[in-house]
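**Student:** Below you will find the structure I want to go over with you.
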Amino acid sequence: MTDMAPSGPTRRVATKKARGRGLTGLLLVAVPVGLLGWLIIYPIFNAIGRTLFQHTESGISFSIDTYKFFFSDGYSLTNLWLTLWVTAVCAALLMVICLPIALYLRFSKGRIAAVVQGLALFPMFVPSVILAYALIRTIGPNGAVDLVLNAAGLPKINSPYLTPWGPIIGLVWDNIPLTTLMLVAGLGAISDNAVEAARDAGARHIALLRHIILPQIGNAMLVVLSFTVLSIFSAFTLPYVLGPASPEMMGPFMQRTFANVMDPRMAITQAVITFAICAIFGAFYVRSIAKNREARR
């Protein structure tokens, strides 16, 4: 019995339906793509153009003087290195804190696991301003920790408030929920059968983590680090409230350059440099997503 080829009218109807579905798909994505271009892509290119071209009496001229100033100014470079250092420390601490929590939530069940999950997600519902105030009243000078130590006859601690460790504590606490959720989602791809088989073969916890779990969540950890770096590097509220006045992270630095120094072009230059650094980590995220799609095919 031979297959019957579709006739001419039937083929034309199928082609029209396919074109209609394609047009419907394009119309559905037109609005979000348009918003993406209007709210994100256009401001990026506009900011770059404003830093590279300036209006003069003779017209529009090309200039990279603001970039030269930034990379030759010691204070600007100190702020950039401080931001990079705080970001690296926060990312490392988040992995050290959140990976054990995610492993426990993935392989444990019961009321205790539910309580741990609730505690891990609690910072998500606390605004950054409230968090900053709570940390000031807790670990700041004459805060709750100092009062307890004083009552116990112990010396006061060196408060991390208004030091680089102030924003580190706040940013780590603030990013625990998202980091934990993303790690738990990555751990969800690990088969229980593979873990049980390794346990039956005599593998201990360290061996399970090293040879079974970590190799399978490499991409998830890369995505987590990318999102964490982007979130911390662009933070403003916690570094502004908890951090030192000098040196300062890039978020407060940009705001002060724009509002206090009244140099919008220099502030935009700082924003472009910050975006370029964040784009590097964003590229790692896009690359990871592309690898996952190729693996699924």
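The way I read the labels, and the way they are meant: chains A, B, ... in the order of the structure tokens, residue 1 as the first residue of every chain, and ligand 1 as the first ligand shown, with later ones counted on from there.
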Where does segment 159-228 of chain A meet segment 115-120 of chain A within 10 Å, residue by residue, with the nearest atom pair and distance in Å to one decimal for each, counting only C-alpha atoms, listed by chain and rising number, as a tab-separated table?

**Tutor:**
```
residue	atom	partner	partner_atom	distance
A:Trp173	CA	A:Ala120	CA	9.4
A:Asn175	CA	A:Ala120	CA	9.9
A:Ile176	CA	A:Ala120	CA	6.6
A:Pro177	CA	A:Ala120	CA	5.6
A:Leu178	CA	A:Ala120	CA	9.2
A:Thr179	CA	A:Ala120	CA	9.7
A:Thr180	CA	A:Ala120	CA	7.4
A:Leu181	CA	A:Ala120	CA	9.0
```

**Student:** Would you pick out the contacts of Val195 of chain A at 10 Å or less, using only C-alpha atoms, so that residues sharing its chain but fewer than 5 positions from it are not included, and give the list as an MDAnalysis selection string?

**Tutor:** chainID A and resid 107 190 200:201 203 208:209 212:213

**Student:** Just N, CA and C atoms for this one: save the residues we selected as a PDB file, in the first residue's frame.

**Tutor:**
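That gives us again_30.pdb:
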```
ATOM      1  N   PHE A 107      17.456  16.633  49.082  1.00  0.00           N
ATOM      2  CA  PHE A 107      17.466  15.224  49.459  1.00  0.00           C
ATOM      3  C   PHE A 107      16.818  14.956  50.815  1.00  0.00           C
ATOM      4  N   ILE A 190      19.088  15.957  38.974  1.00  0.00           N
ATOM      5  CA  ILE A 190      19.852  14.779  39.381  1.00  0.00           C
ATOM      6  C   ILE A 190      18.895  13.644  39.710  1.00  0.00           C
ATOM      7  N   ASP A 200      24.717   2.508  47.118  1.00  0.00           N
ATOM      8  CA  ASP A 200      24.783   1.050  47.210  1.00  0.00           C
ATOM      9  C   ASP A 200      26.177   0.550  46.876  1.00  0.00           C
ATOM     10  N   ALA A 201      26.879   1.275  46.021  1.00  0.00           N
ATOM     11  CA  ALA A 201      28.239   0.883  45.658  1.00  0.00           C
ATOM     12  C   ALA A 201      29.265   1.278  46.714  1.00  0.00           C
ATOM     13  N   ALA A 203      29.697   4.563  47.949  1.00  0.00           N
ATOM     14  CA  ALA A 203      30.168   5.951  47.861  1.00  0.00           C
ATOM     15  C   ALA A 203      29.702   6.734  49.082  1.00  0.00           C
ATOM     16  N   LEU A 208      29.940  11.271  46.617  1.00  0.00           N
ATOM     17  CA  LEU A 208      28.696  11.594  45.913  1.00  0.00           C
ATOM     18  C   LEU A 208      28.711  13.029  45.400  1.00  0.00           C
ATOM     19  N   LEU A 209      29.144  13.943  46.252  1.00  0.00           N
ATOM     20  CA  LEU A 209      29.169  15.347  45.872  1.00  0.00           C
ATOM     21  C   LEU A 209      30.156  15.587  44.735  1.00  0.00           C
ATOM     22  N   ILE A 212      29.150  12.668  41.459  1.00  0.00           N
ATOM     23  CA  ILE A 212      27.780  12.520  40.962  1.00  0.00           C
ATOM     24  C   ILE A 212      27.068  13.870  40.855  1.00  0.00           C
ATOM     25  N   ILE A 213      27.120  14.657  41.927  1.00  0.00           N
ATOM     26  CA  ILE A 213      26.287  15.867  42.002  1.00  0.00           C
ATOM     27  C   ILE A 213      26.928  17.041  41.269  1.00  0.00           C
TER      28      ILE A 213
END
```

**Student:** Going by DSSP on the backbone, which bits of segment 54-166 of chain A are helix (DSSP H, G or I)? Write them as a VMD selection string, please.

**Tutor:** chain A and resid 65 to 72 74 to 107 111 to 125 128 to 139 144 to 151 165 to 166

**Student:** Could you check which of A:Ile277, A:Arg265, A:Asn46, A:Leu105 is closest to Asp65 of chain A, using only C-alpha atoms?

**Tutor:** A:Arg265

**Student:** Hey, what's within 12 Å of Pro155 of chain A if we count only C-alpha atoms and toss same-chain stuff fewer than 4 positions away? As a list of chain:residue names, please?

**Tutor:** A:Asn142, A:Val145, A:Asp146, A:Leu147, A:Val148, A:Leu149, A:Asn150, A:Ala151, A:Ser159

**Student:** Residues within 6 Å of segment 88-104 of chain A, please, as a tab-separated table (two decimals) with N, CA and C atoms, in the first residue's frame. Count only C-alpha atoms; anything in the same chain fewer than 5 positions from it doesn't count.

**Tutor:**
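Result went into selection_2.tsv, see below:
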```tsv
chain	number	residue	atom	x	y	z
A	168	ILE	N	28.82	43.59	52.28
A	168	ILE	CA	28.97	42.16	52.02
A	168	ILE	C	27.96	41.37	52.83
A	172	VAL	N	24.92	39.39	50.91
A	172	VAL	CA	24.85	37.94	51.04
A	172	VAL	C	23.49	37.54	51.61
A	180	THR	N	19.55	30.06	46.54
A	180	THR	CA	19.10	28.75	46.99
A	180	THR	C	18.08	28.15	46.04
A	183	LEU	N	19.80	26.92	42.86
A	183	LEU	CA	20.58	25.71	43.09
A	183	LEU	C	19.67	24.49	43.28
A	184	VAL	N	18.56	24.68	44.00
A	184	VAL	CA	17.60	23.58	44.17
A	184	VAL	C	17.03	23.17	42.81
```

**Student:** Given only C-alpha atoms as the basis, pick out the residue of A:Val31, A:Leu214, A:Ala114, A:Ala220 nearest to Arg287 of chain A.

**Tutor:**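 Among the listed residues, the smallest separation from Arg287 of chain A belongs to A:Ala220.
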
**Student:** Please tabulate, as a Markdown table, the residues of segment 195-235 of chain A that come within 12 Å of segment 244-253 of chain A, each with its closest pair of atoms and the distance in Å to one decimal, counting only C-alpha atoms and ordering rows by chain, then residue number upward.

**Tutor:**
```
| residue | atom | partner | partner_atom | distance |
| --- | --- | --- | --- | --- |
| A:Ser231 | CA | A:Gly251 | CA | 11.4 |
| A:Ile232 | CA | A:Gly251 | CA | 9.9 |
| A:Phe233 | CA | A:Met250 | CA | 7.8 |
| A:Ser234 | CA | A:Gly251 | CA | 6.2 |
| A:Ala235 | CA | A:Gly251 | CA | 6.2 |
```

**Student:** Given the choices A:Phe275, A:Val229, A:Leu242, A:Thr66, which gets closest to Ile40 of chain A if the distance is worked out from only C-alpha atoms?

**Tutor:**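 The closest residue to Ile40 of chain A is A:Phe275.
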
**Student:** When you look at segment 127-133 of chain A with a cut-off of 9 Å (counting only C-alpha atoms), what residues show up, excluding the ones that are within fewer than 3 positions of it in the same chain? I need them as a PyMOL selection string.

**Tutor:** chain A and resi 123-124+136-138+167+170+173-174+237-238+241-242

**Student:** Go ahead and write the residues just picked, C-alpha atoms, as an mmCIF file, in the first residue's frame.

**Tutor:**
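Dumped to out-v2.cif:
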```
data_model
loop_
_atom_site.group_PDB
_atom_site.id
_atom_site.type_symbol
_atom_site.label_atom_id
_atom_site.label_comp_id
_atom_site.auth_asym_id
_atom_site.auth_seq_id
_atom_site.Cartn_x
_atom_site.Cartn_y
_atom_site.Cartn_z
ATOM 1 C CA PRO A 123 14.988 37.441 53.133
ATOM 2 C CA MET A 124 13.106 37.616 49.832
ATOM 3 C CA ILE A 136 22.691 48.865 61.642
ATOM 4 C CA ARG A 137 20.693 48.270 64.822
ATOM 5 C CA THR A 138 22.209 44.785 65.206
ATOM 6 C CA PRO A 167 27.524 45.673 52.283
ATOM 7 C CA GLY A 170 23.772 42.717 53.638
ATOM 8 C CA TRP A 173 21.771 37.872 53.286
ATOM 9 C CA ASP A 174 19.659 39.541 50.600
ATOM 10 C CA THR A 237 20.821 50.606 48.425
ATOM 11 C CA LEU A 238 22.878 48.327 50.681
ATOM 12 C CA VAL A 241 23.625 52.731 53.432
ATOM 13 C CA LEU A 242 26.059 50.195 54.892
#
```

**Student:** Give me the residues near Tyr285 of chain A as a list in words, where near means some atom within 10 Å (using only C-alpha atoms) and where sequence neighbours in that chain fewer than 3 positions away do not count.

**Tutor:**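 The residues that qualify are Asn219, Ala220, Leu222, Val223, Val224, Leu225, Ser226, Phe227, Ala279, Ile280, Phe281, Gly282, Ser288, Ile289, Ala290 and Lys291 of chain A.
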
**Student:** Can I get the selected residues back with N, CA and C atoms, as an mmCIF file, in the first residue's frame?

**Tutor:**
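Final output, saved to again-v2.cif:
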```cif
data_model
loop_
_atom_site.group_PDB
_atom_site.id
_atom_site.type_symbol
_atom_site.label_atom_id
_atom_site.label_comp_id
_atom_site.auth_asym_id
_atom_site.auth_seq_id
_atom_site.Cartn_x
_atom_site.Cartn_y
_atom_site.Cartn_z
ATOM 1 N N ASN A 219 26.504 23.612 34.966
ATOM 2 C CA ASN A 219 25.839 24.711 34.262
ATOM 3 C C ASN A 219 24.938 25.508 35.195
ATOM 4 N N ALA A 220 24.256 24.813 36.108
ATOM 5 C CA ALA A 220 23.388 25.515 37.053
ATOM 6 C C ALA A 220 24.205 26.432 37.951
ATOM 7 N N LEU A 222 27.041 27.822 37.174
ATOM 8 C CA LEU A 222 27.485 28.941 36.351
ATOM 9 C C LEU A 222 26.386 29.978 36.190
ATOM 10 N N VAL A 223 25.147 29.515 36.004
ATOM 11 C CA VAL A 223 24.009 30.433 35.907
ATOM 12 C C VAL A 223 23.813 31.177 37.222
ATOM 13 N N VAL A 224 23.925 30.456 38.326
ATOM 14 C CA VAL A 224 23.768 31.072 39.648
ATOM 15 C C VAL A 224 24.826 32.146 39.859
ATOM 16 N N LEU A 225 26.071 31.841 39.538
ATOM 17 C CA LEU A 225 27.141 32.818 39.710
ATOM 18 C C LEU A 225 26.922 34.033 38.819
ATOM 19 N N SER A 226 26.444 33.812 37.600
ATOM 20 C CA SER A 226 26.193 34.938 36.697
ATOM 21 C C SER A 226 25.125 35.861 37.261
ATOM 22 N N PHE A 227 23.995 35.288 37.696
ATOM 23 C CA PHE A 227 22.936 36.110 38.261
ATOM 24 C C PHE A 227 23.390 36.792 39.547
ATOM 25 N N ALA A 279 28.203 42.590 31.302
ATOM 26 C CA ALA A 279 27.903 41.885 30.058
ATOM 27 C C ALA A 279 28.785 40.660 29.889
ATOM 28 N N ILE A 280 30.000 40.695 30.436
ATOM 29 C CA ILE A 280 30.881 39.530 30.361
ATOM 30 C C ILE A 280 30.256 38.352 31.097
ATOM 31 N N PHE A 281 29.746 38.609 32.307
ATOM 32 C CA PHE A 281 29.097 37.545 33.058
ATOM 33 C C PHE A 281 27.766 37.154 32.414
ATOM 34 N N GLY A 282 27.085 38.111 31.798
ATOM 35 C CA GLY A 282 25.868 37.774 31.073
ATOM 36 C C GLY A 282 26.146 36.858 29.901
ATOM 37 N N SER A 288 25.771 29.256 28.646
ATOM 38 C CA SER A 288 25.279 28.098 29.377
ATOM 39 C C SER A 288 23.905 27.677 28.885
ATOM 40 N N ILE A 289 23.037 28.639 28.646
ATOM 41 C CA ILE A 289 21.700 28.319 28.127
ATOM 42 C C ILE A 289 21.794 27.673 26.759
ATOM 43 N N ALA A 290 22.681 28.193 25.898
ATOM 44 C CA ALA A 290 22.845 27.612 24.567
ATOM 45 C C ALA A 290 23.352 26.177 24.654
ATOM 46 N N LYS A 291 24.274 25.915 25.582
ATOM 47 C CA LYS A 291 24.773 24.550 25.752
ATOM 48 C C LYS A 291 23.666 23.610 26.199
#
```

**Student:** Kindly give the distance, in Å, that separates atom CA of Pro160 of chain A and atom CA of Met221 of chain A, rounded to a single decimal.

**Tutor:** 28.8 Å
